[in-house]
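As stored in target.pdb (PDB, C-alpha atoms):
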```pdb
ATOM      1  CA  MET A 111     -73.664 -17.172  23.716  1.00  0.00           C
ATOM      2  CA  GLY A 112     -74.945 -19.363  26.464  1.00  0.00           C
ATOM      3  CA  ASP A 113     -73.180 -21.129  29.343  1.00  0.00           C
ATOM      4  CA  PHE A 114     -69.832 -19.823  30.616  1.00  0.00           C
ATOM      5  CA  LEU A 115     -68.251 -18.974  27.247  1.00  0.00           C
ATOM      6  CA  ASP A 116     -69.309 -15.348  27.334  1.00  0.00           C
ATOM      7  CA  LYS A 117     -67.543 -12.028  26.738  1.00  0.00           C
ATOM      8  CA  ASN A 118     -66.035 -12.016  30.239  1.00  0.00           C
ATOM      9  CA  TYR A 119     -64.598 -15.514  29.795  1.00  0.00           C
ATOM     10  CA  TRP A 120     -62.839 -14.573  26.541  1.00  0.00           C
ATOM     11  CA  ASP A 121     -61.686 -11.175  27.836  1.00  0.00           C
ATOM     12  CA  GLU A 122     -60.024 -12.943  30.773  1.00  0.00           C
ATOM     13  CA  ARG A 123     -58.334 -15.476  28.473  1.00  0.00           C
ATOM     14  CA  TYR A 124     -56.794 -12.680  26.381  1.00  0.00           C
ATOM     15  CA  LEU A 125     -55.867 -10.487  29.356  1.00  0.00           C
ATOM     16  CA  ASN A 126     -54.128 -13.424  31.066  1.00  0.00           C
ATOM     17  CA  HIS A 127     -52.475 -14.674  27.860  1.00  0.00           C
ATOM     18  CA  GLN A 128     -54.297 -18.007  28.159  1.00  0.00           C
ATOM     19  CA  THR A 129     -54.375 -18.441  24.401  1.00  0.00           C
ATOM     20  CA  GLY A 130     -52.776 -21.818  23.774  1.00  0.00           C
ATOM     21  CA  TRP A 131     -54.527 -22.059  20.402  1.00  0.00           C
ATOM     22  CA  ASP A 132     -52.732 -18.930  19.163  1.00  0.00           C
ATOM     23  CA  ILE A 133     -49.743 -19.954  17.005  1.00  0.00           C
ATOM     24  CA  GLY A 134     -48.645 -16.358  16.383  1.00  0.00           C
ATOM     25  CA  TYR A 135     -49.000 -16.352  12.594  1.00  0.00           C
ATOM     26  CA  VAL A 136     -51.421 -17.335   9.850  1.00  0.00           C
ATOM     27  CA  SER A 137     -52.082 -21.077   9.883  1.00  0.00           C
ATOM     28  CA  PRO A 138     -50.218 -22.757   6.966  1.00  0.00           C
ATOM     29  CA  PRO A 139     -53.292 -24.540   5.495  1.00  0.00           C
ATOM     30  CA  LEU A 140     -55.188 -21.241   5.467  1.00  0.00           C
ATOM     31  CA  LYS A 141     -52.243 -19.378   3.969  1.00  0.00           C
ATOM     32  CA  GLN A 142     -52.091 -21.965   1.171  1.00  0.00           C
ATOM     33  CA  PHE A 143     -55.810 -21.538   0.565  1.00  0.00           C
ATOM     34  CA  PHE A 144     -55.643 -17.724   0.620  1.00  0.00           C
ATOM     35  CA  ASP A 145     -52.819 -17.823  -1.914  1.00  0.00           C
ATOM     36  CA  THR A 146     -55.202 -19.455  -4.418  1.00  0.00           C
ATOM     37  CA  LEU A 147     -57.714 -16.588  -4.212  1.00  0.00           C
ATOM     38  CA  THR A 148     -57.555 -14.049  -7.028  1.00  0.00           C
ATOM     39  CA  ASP A 149     -60.528 -11.714  -6.387  1.00  0.00           C
ATOM     40  CA  LYS A 150     -59.178  -9.110  -3.954  1.00  0.00           C
ATOM     41  CA  HIS A 151     -62.681  -7.657  -3.513  1.00  0.00           C
ATOM     42  CA  LEU A 152     -64.251 -10.746  -1.930  1.00  0.00           C
ATOM     43  CA  ARG A 153     -66.401  -9.891   1.087  1.00  0.00           C
ATOM     44  CA  ILE A 154     -64.583 -11.924   3.757  1.00  0.00           C
ATOM     45  CA  LEU A 155     -65.726 -12.665   7.306  1.00  0.00           C
ATOM     46  CA  ILE A 156     -63.619 -14.220  10.061  1.00  0.00           C
ATOM     47  CA  PRO A 157     -65.874 -15.099  13.015  1.00  0.00           C
ATOM     48  CA  GLY A 158     -64.294 -15.367  16.442  1.00  0.00           C
ATOM     49  CA  GLY A 159     -61.165 -13.979  14.818  1.00  0.00           C
ATOM     50  CA  GLY A 160     -59.077 -13.528  17.953  1.00  0.00           C
ATOM     51  CA  ASN A 161     -55.696 -11.999  17.155  1.00  0.00           C
ATOM     52  CA  SER A 162     -56.561 -12.375  13.459  1.00  0.00           C
ATOM     53  CA  TYR A 163     -53.285 -13.289  11.824  1.00  0.00           C
ATOM     54  CA  GLU A 164     -55.441 -14.510   8.940  1.00  0.00           C
ATOM     55  CA  ALA A 165     -57.025 -11.070   8.571  1.00  0.00           C
ATOM     56  CA  ALA A 166     -53.612  -9.400   8.710  1.00  0.00           C
ATOM     57  CA  TYR A 167     -52.303 -11.732   6.005  1.00  0.00           C
ATOM     58  CA  LEU A 168     -55.313 -11.089   3.772  1.00  0.00           C
ATOM     59  CA  LEU A 169     -54.855  -7.319   4.137  1.00  0.00           C
ATOM     60  CA  GLU A 170     -51.152  -7.656   3.308  1.00  0.00           C
ATOM     61  CA  GLN A 171     -52.134  -9.557   0.137  1.00  0.00           C
ATOM     62  CA  GLY A 172     -54.381  -6.686  -0.968  1.00  0.00           C
ATOM     63  CA  PHE A 173     -57.821  -7.968   0.024  1.00  0.00           C
ATOM     64  CA  ASP A 174     -59.915  -4.893   0.716  1.00  0.00           C
ATOM     65  CA  ASN A 175     -63.126  -6.134   2.350  1.00  0.00           C
ATOM     66  CA  VAL A 176     -62.192  -8.132   5.465  1.00  0.00           C
ATOM     67  CA  THR A 177     -64.376  -8.196   8.585  1.00  0.00           C
ATOM     68  CA  VAL A 178     -63.592  -9.816  11.934  1.00  0.00           C
ATOM     69  CA  VAL A 179     -66.304 -10.496  14.509  1.00  0.00           C
ATOM     70  CA  ASP A 180     -65.238 -11.282  18.049  1.00  0.00           C
ATOM     71  CA  ILE A 181     -67.038 -11.181  21.381  1.00  0.00           C
ATOM     72  CA  SER A 182     -63.956 -10.108  23.370  1.00  0.00           C
ATOM     73  CA  GLU A 183     -63.655  -6.354  23.801  1.00  0.00           C
ATOM     74  CA  VAL A 184     -59.993  -6.840  24.713  1.00  0.00           C
ATOM     75  CA  VAL A 185     -59.126  -8.467  21.394  1.00  0.00           C
ATOM     76  CA  CYS A 186     -61.395  -6.133  19.397  1.00  0.00           C
ATOM     77  CA  GLN A 187     -59.593  -3.083  20.773  1.00  0.00           C
ATOM     78  CA  ARG A 188     -56.239  -4.615  19.817  1.00  0.00           C
ATOM     79  CA  LEU A 189     -57.509  -5.239  16.294  1.00  0.00           C
ATOM     80  CA  VAL A 190     -58.836  -1.688  15.972  1.00  0.00           C
ATOM     81  CA  ASP A 191     -55.510  -0.295  17.204  1.00  0.00           C
ATOM     82  CA  ASP A 192     -53.406  -2.503  14.922  1.00  0.00           C
ATOM     83  CA  TYR A 193     -55.437  -2.943  11.748  1.00  0.00           C
ATOM     84  CA  GLN A 194     -58.393  -0.593  11.392  1.00  0.00           C
ATOM     85  CA  LYS A 195     -56.303   2.014   9.574  1.00  0.00           C
ATOM     86  CA  LYS A 196     -55.200  -0.763   7.196  1.00  0.00           C
ATOM     87  CA  GLY A 197     -58.837  -1.395   6.278  1.00  0.00           C
ATOM     88  CA  LEU A 198     -59.916  -4.138   8.669  1.00  0.00           C
ATOM     89  CA  GLN A 199     -63.546  -3.907   9.743  1.00  0.00           C
ATOM     90  CA  VAL A 200     -63.869  -4.958  13.380  1.00  0.00           C
ATOM     91  CA  VAL A 201     -67.240  -5.907  14.858  1.00  0.00           C
ATOM     92  CA  CYS A 202     -67.236  -6.446  18.598  1.00  0.00           C
ATOM     93  CA  GLY A 203     -70.201  -8.609  19.427  1.00  0.00           C
ATOM     94  CA  ASP A 204     -71.867 -11.987  19.369  1.00  0.00           C
ATOM     95  CA  PHE A 205     -71.404 -13.753  16.038  1.00  0.00           C
ATOM     96  CA  PHE A 206     -74.905 -15.210  16.287  1.00  0.00           C
ATOM     97  CA  GLU A 207     -76.357 -11.686  16.220  1.00  0.00           C
ATOM     98  CA  HIS A 208     -74.195 -10.520  13.306  1.00  0.00           C
ATOM     99  CA  SER A 209     -75.774  -9.779   9.928  1.00  0.00           C
ATOM    100  CA  GLY A 210     -74.295  -9.259   6.497  1.00  0.00           C
ATOM    101  CA  VAL A 211     -73.553 -11.083   3.269  1.00  0.00           C
ATOM    102  CA  TYR A 212     -70.130 -12.590   2.599  1.00  0.00           C
ATOM    103  CA  ASP A 213     -68.448 -14.352  -0.312  1.00  0.00           C
ATOM    104  CA  LEU A 214     -65.999 -16.159   1.969  1.00  0.00           C
ATOM    105  CA  ILE A 215     -66.252 -17.050   5.638  1.00  0.00           C
ATOM    106  CA  VAL A 216     -63.007 -18.282   7.189  1.00  0.00           C
ATOM    107  CA  GLU A 217     -63.176 -20.871   9.951  1.00  0.00           C
ATOM    108  CA  GLN A 218     -60.152 -20.770  12.231  1.00  0.00           C
ATOM    109  CA  THR A 219     -60.637 -21.892  15.859  1.00  0.00           C
ATOM    110  CA  PHE A 220     -64.175 -20.479  16.181  1.00  0.00           C
ATOM    111  CA  PHE A 221     -66.233 -23.652  15.703  1.00  0.00           C
ATOM    112  CA  CYS A 222     -64.119 -25.474  18.288  1.00  0.00           C
ATOM    113  CA  ALA A 223     -64.381 -22.549  20.745  1.00  0.00           C
ATOM    114  CA  ILE A 224     -68.163 -22.356  20.947  1.00  0.00           C
ATOM    115  CA  SER A 225     -70.246 -24.763  22.987  1.00  0.00           C
ATOM    116  CA  PRO A 226     -71.086 -27.915  20.997  1.00  0.00           C
ATOM    117  CA  SER A 227     -74.739 -27.151  21.763  1.00  0.00           C
ATOM    118  CA  LEU A 228     -74.422 -24.195  19.336  1.00  0.00           C
ATOM    119  CA  ARG A 229     -73.145 -26.165  16.344  1.00  0.00           C
ATOM    120  CA  THR A 230     -76.536 -26.417  14.642  1.00  0.00           C
ATOM    121  CA  ASN A 231     -76.979 -22.653  15.145  1.00  0.00           C
ATOM    122  CA  TYR A 232     -73.499 -22.108  13.684  1.00  0.00           C
ATOM    123  CA  VAL A 233     -74.302 -23.979  10.475  1.00  0.00           C
ATOM    124  CA  GLN A 234     -77.695 -22.260  10.141  1.00  0.00           C
ATOM    125  CA  LYS A 235     -76.036 -18.852  10.640  1.00  0.00           C
ATOM    126  CA  MET A 236     -73.508 -19.653   7.921  1.00  0.00           C
ATOM    127  CA  VAL A 237     -76.380 -20.317   5.506  1.00  0.00           C
ATOM    128  CA  LYS A 238     -77.740 -16.832   6.248  1.00  0.00           C
ATOM    129  CA  LEU A 239     -74.390 -15.016   6.019  1.00  0.00           C
ATOM    130  CA  LEU A 240     -73.041 -16.600   2.841  1.00  0.00           C
ATOM    131  CA  SER A 241     -73.816 -15.095  -0.548  1.00  0.00           C
ATOM    132  CA  GLU A 242     -75.496 -17.363  -3.095  1.00  0.00           C
ATOM    133  CA  ASP A 243     -72.112 -18.574  -4.390  1.00  0.00           C
ATOM    134  CA  GLY A 244     -70.328 -18.041  -1.078  1.00  0.00           C
ATOM    135  CA  LEU A 245     -67.825 -20.416   0.460  1.00  0.00           C
ATOM    136  CA  LEU A 246     -67.138 -21.405   4.050  1.00  0.00           C
ATOM    137  CA  ALA A 247     -63.573 -22.685   4.378  1.00  0.00           C
ATOM    138  CA  GLY A 248     -61.118 -23.420   7.121  1.00  0.00           C
ATOM    139  CA  LEU A 249     -59.905 -25.801   9.757  1.00  0.00           C
ATOM    140  CA  LEU A 250     -61.688 -28.072  12.204  1.00  0.00           C
ATOM    141  CA  PHE A 251     -60.207 -30.397  14.790  1.00  0.00           C
ATOM    142  CA  ASN A 252     -60.544 -34.051  13.845  1.00  0.00           C
ATOM    143  CA  ARG A 253     -60.105 -35.352  17.358  1.00  0.00           C
ATOM    144  CA  ALA A 254     -61.738 -35.304  20.780  1.00  0.00           C
ATOM    145  CA  PHE A 255     -60.703 -33.115  23.721  1.00  0.00           C
ATOM    146  CA  GLU A 256     -61.376 -33.481  27.434  1.00  0.00           C
ATOM    147  CA  GLY A 257     -63.545 -30.636  28.689  1.00  0.00           C
ATOM    148  CA  GLY A 258     -63.052 -27.607  26.516  1.00  0.00           C
ATOM    149  CA  PRO A 259     -62.700 -25.258  24.886  1.00  0.00           C
ATOM    150  CA  PRO A 260     -61.467 -26.369  22.458  1.00  0.00           C
ATOM    151  CA  PHE A 261     -64.237 -28.801  21.674  1.00  0.00           C
ATOM    152  CA  GLY A 262     -63.288 -31.377  19.091  1.00  0.00           C
ATOM    153  CA  GLY A 263     -65.214 -33.644  16.826  1.00  0.00           C
ATOM    154  CA  SER A 264     -64.967 -35.915  13.826  1.00  0.00           C
ATOM    155  CA  VAL A 265     -65.399 -35.605  10.081  1.00  0.00           C
ATOM    156  CA  ALA A 266     -68.527 -37.781  10.296  1.00  0.00           C
ATOM    157  CA  GLU A 267     -70.042 -35.470  12.900  1.00  0.00           C
ATOM    158  CA  TYR A 268     -69.241 -32.344  10.861  1.00  0.00           C
ATOM    159  CA  GLN A 269     -70.559 -33.967   7.676  1.00  0.00           C
ATOM    160  CA  ALA A 270     -73.901 -34.577   9.403  1.00  0.00           C
ATOM    161  CA  PHE A 271     -74.207 -30.923  10.505  1.00  0.00           C
ATOM    162  CA  PHE A 272     -73.409 -29.577   7.044  1.00  0.00           C
ATOM    163  CA  ASP A 273     -75.598 -32.131   5.234  1.00  0.00           C
ATOM    164  CA  LYS A 274     -78.569 -31.233   7.416  1.00  0.00           C
ATOM    165  CA  ALA A 275     -78.160 -27.547   6.451  1.00  0.00           C
ATOM    166  CA  GLY A 276     -77.912 -28.397   2.737  1.00  0.00           C
ATOM    167  CA  PHE A 277     -74.202 -27.716   2.286  1.00  0.00           C
ATOM    168  CA  LYS A 278     -71.939 -29.535  -0.131  1.00  0.00           C
ATOM    169  CA  VAL A 279     -68.796 -30.091   1.912  1.00  0.00           C
ATOM    170  CA  THR A 280     -65.356 -31.508   1.166  1.00  0.00           C
ATOM    171  CA  PHE A 281     -62.683 -32.481   3.662  1.00  0.00           C
ATOM    172  CA  ASP A 282     -58.916 -32.713   3.278  1.00  0.00           C
ATOM    173  CA  LEU A 283     -57.590 -34.975   6.008  1.00  0.00           C
ATOM    174  CA  ALA A 284     -53.976 -34.058   5.301  1.00  0.00           C
ATOM    175  CA  PRO A 285     -53.618 -30.272   5.368  1.00  0.00           C
ATOM    176  CA  ALA A 286     -50.186 -28.672   5.770  1.00  0.00           C
ATOM    177  CA  SER A 287     -50.722 -28.382   9.519  1.00  0.00           C
ATOM    178  CA  ILE A 288     -48.143 -27.226  12.019  1.00  0.00           C
ATOM    179  CA  PRO A 289     -46.426 -30.231  13.674  1.00  0.00           C
ATOM    180  CA  PRO A 290     -48.415 -30.134  16.966  1.00  0.00           C
ATOM    181  CA  ARG A 291     -51.659 -30.312  14.943  1.00  0.00           C
ATOM    182  CA  ALA A 292     -50.547 -32.810  12.311  1.00  0.00           C
ATOM    183  CA  ARG A 293     -53.148 -35.529  11.774  1.00  0.00           C
ATOM    184  CA  SER A 294     -55.516 -33.819  14.232  1.00  0.00           C
ATOM    185  CA  GLU A 295     -57.087 -31.139  12.043  1.00  0.00           C
ATOM    186  CA  VAL A 296     -58.940 -31.167   8.765  1.00  0.00           C
ATOM    187  CA  PHE A 297     -59.277 -28.496   6.092  1.00  0.00           C
ATOM    188  CA  PHE A 298     -62.805 -28.178   4.726  1.00  0.00           C
ATOM    189  CA  THR A 299     -64.834 -26.178   2.243  1.00  0.00           C
ATOM    190  CA  ALA A 300     -68.625 -25.901   2.271  1.00  0.00           C
ATOM    191  CA  LYS A 301     -70.965 -24.389  -0.316  1.00  0.00           C
ATOM    192  CA  LYS A 302     -74.745 -23.977  -0.186  1.00  0.00           C
TER     193      LYS A 302
END
```
The structure given in the file should be rewritten as C-alpha cells.
Amino acid sequence: MGDFLDKNYWDERYLNHQTGWDIGYVSPPLKQFFDTLTDKHLRILIPGGGNSYEAAYLLEQGFDNVTVVDISEVVCQRLVDDYQKKGLQVVCGDFFEHSGVYDLIVEQTFFCAISPSLRTNYVQKMVKLLSEDGLLAGLLFNRAFEGGPPFGGSVAEYQAFFDKAGFKVTFDLAPASIPPRARSEVFFTAKK
C-alpha cells in the first residue's frame, strides 16, 4: 500500500484498540441508504471494512453476497470468527490487488484511511471493480485533518477525482450523520 500504512500498522491499531473512527454500529447515513435497497442478491463489496458493522447489518437484512476486503489480519480473523458462518466473504489482503465484479461498493472510512497519494488509484480501481450498472456509495469527510489517517478533503477535490475517471457523482452535504461528524461528512453516490 505504500508508506507506513501497511498491514502491520493496521494490525497494531486494532490490537491496541486505537480505532477512534469506529462508532460501534452501522453509520446512520449508510443504514438509511441500505434500507432503500430491494435486491438482496446484489454483489456488495466493502473495502477496508474494519469491524464491518455495515456488513453485519446487510447480512441481517438478508443480503446474501457481501464481501469485505481488509489488509489487517487481526480484523479479518475477527470477521471470519463472527460472520463467515452467516455468509460474509472475507478477503484478507490489499484492496488494490483485489479482483471481482460488484454491483455496489460501499465506502465507509476506507478512502480517508489510505494515503492521499493513492486516491487516483482508488478511483481507477473502482472503475474496474464495478459492474456496468454498478454503484459506489458511502461517506467521505468534507473537512481537513492534521496529519492522518484519517485524511480529509473537500467535495471539489472528490468531484475532480471522480470526473477524471468518468464517474457521474452526486453529493449530499447533509446526511444523517452522528453528532460528532455533523457537517463534516458527505454522502455520495458515483456511477460509471
(message) Residue by residue, what does the PyMOL selection byres ((chain A and resi 260) around 10) grab here? Present the result as number ranges by chain.
(response) A: 130-131, 219-226, 251, 254-259, 261-263
Could you list, as a VMD selection string, every residue within 8 Å of A:Lys278, counting only C-alpha atoms and ignoring same-chain residues fewer than 4 positions away? chain A and resid 272 to 273 300 to 302
Could you state which residues are captured by the PyMOL selection byres ((chain A and resi 176) around 12) in this file, as a ChimeraX atom specification? /A:150-157,159,162,164-175,177-179,193-194,196-201,211-216
Original post:
Using all atoms listed in the file, which residue out of A:Tyr135, A:Phe281, A:Phe271, A:Tyr119 lies closest to A:Val184?
Top reply: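 So, comparing all the options, the nearest one is A:Tyr119.
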**Item:** Residue nearest A:Val296 - candidates A:Asp282, A:Glu267, A:Asp132, A:Glu122, atoms counted: only C-alpha atoms
**Value:**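 Of all the options, A:Asp282 lies closest to A:Val296.
For the pair atom CA of A:Ser209 and atom CA of A:Gly158, the interatomic distance is 14.3 Å.
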Distance of atom CA of A:Thr146 from atom CA of A:Lys274, expressed in Å to one decimal place: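 Going from atom CA of A:Lys274 over to atom CA of A:Thr146, I get 28.7 Å.
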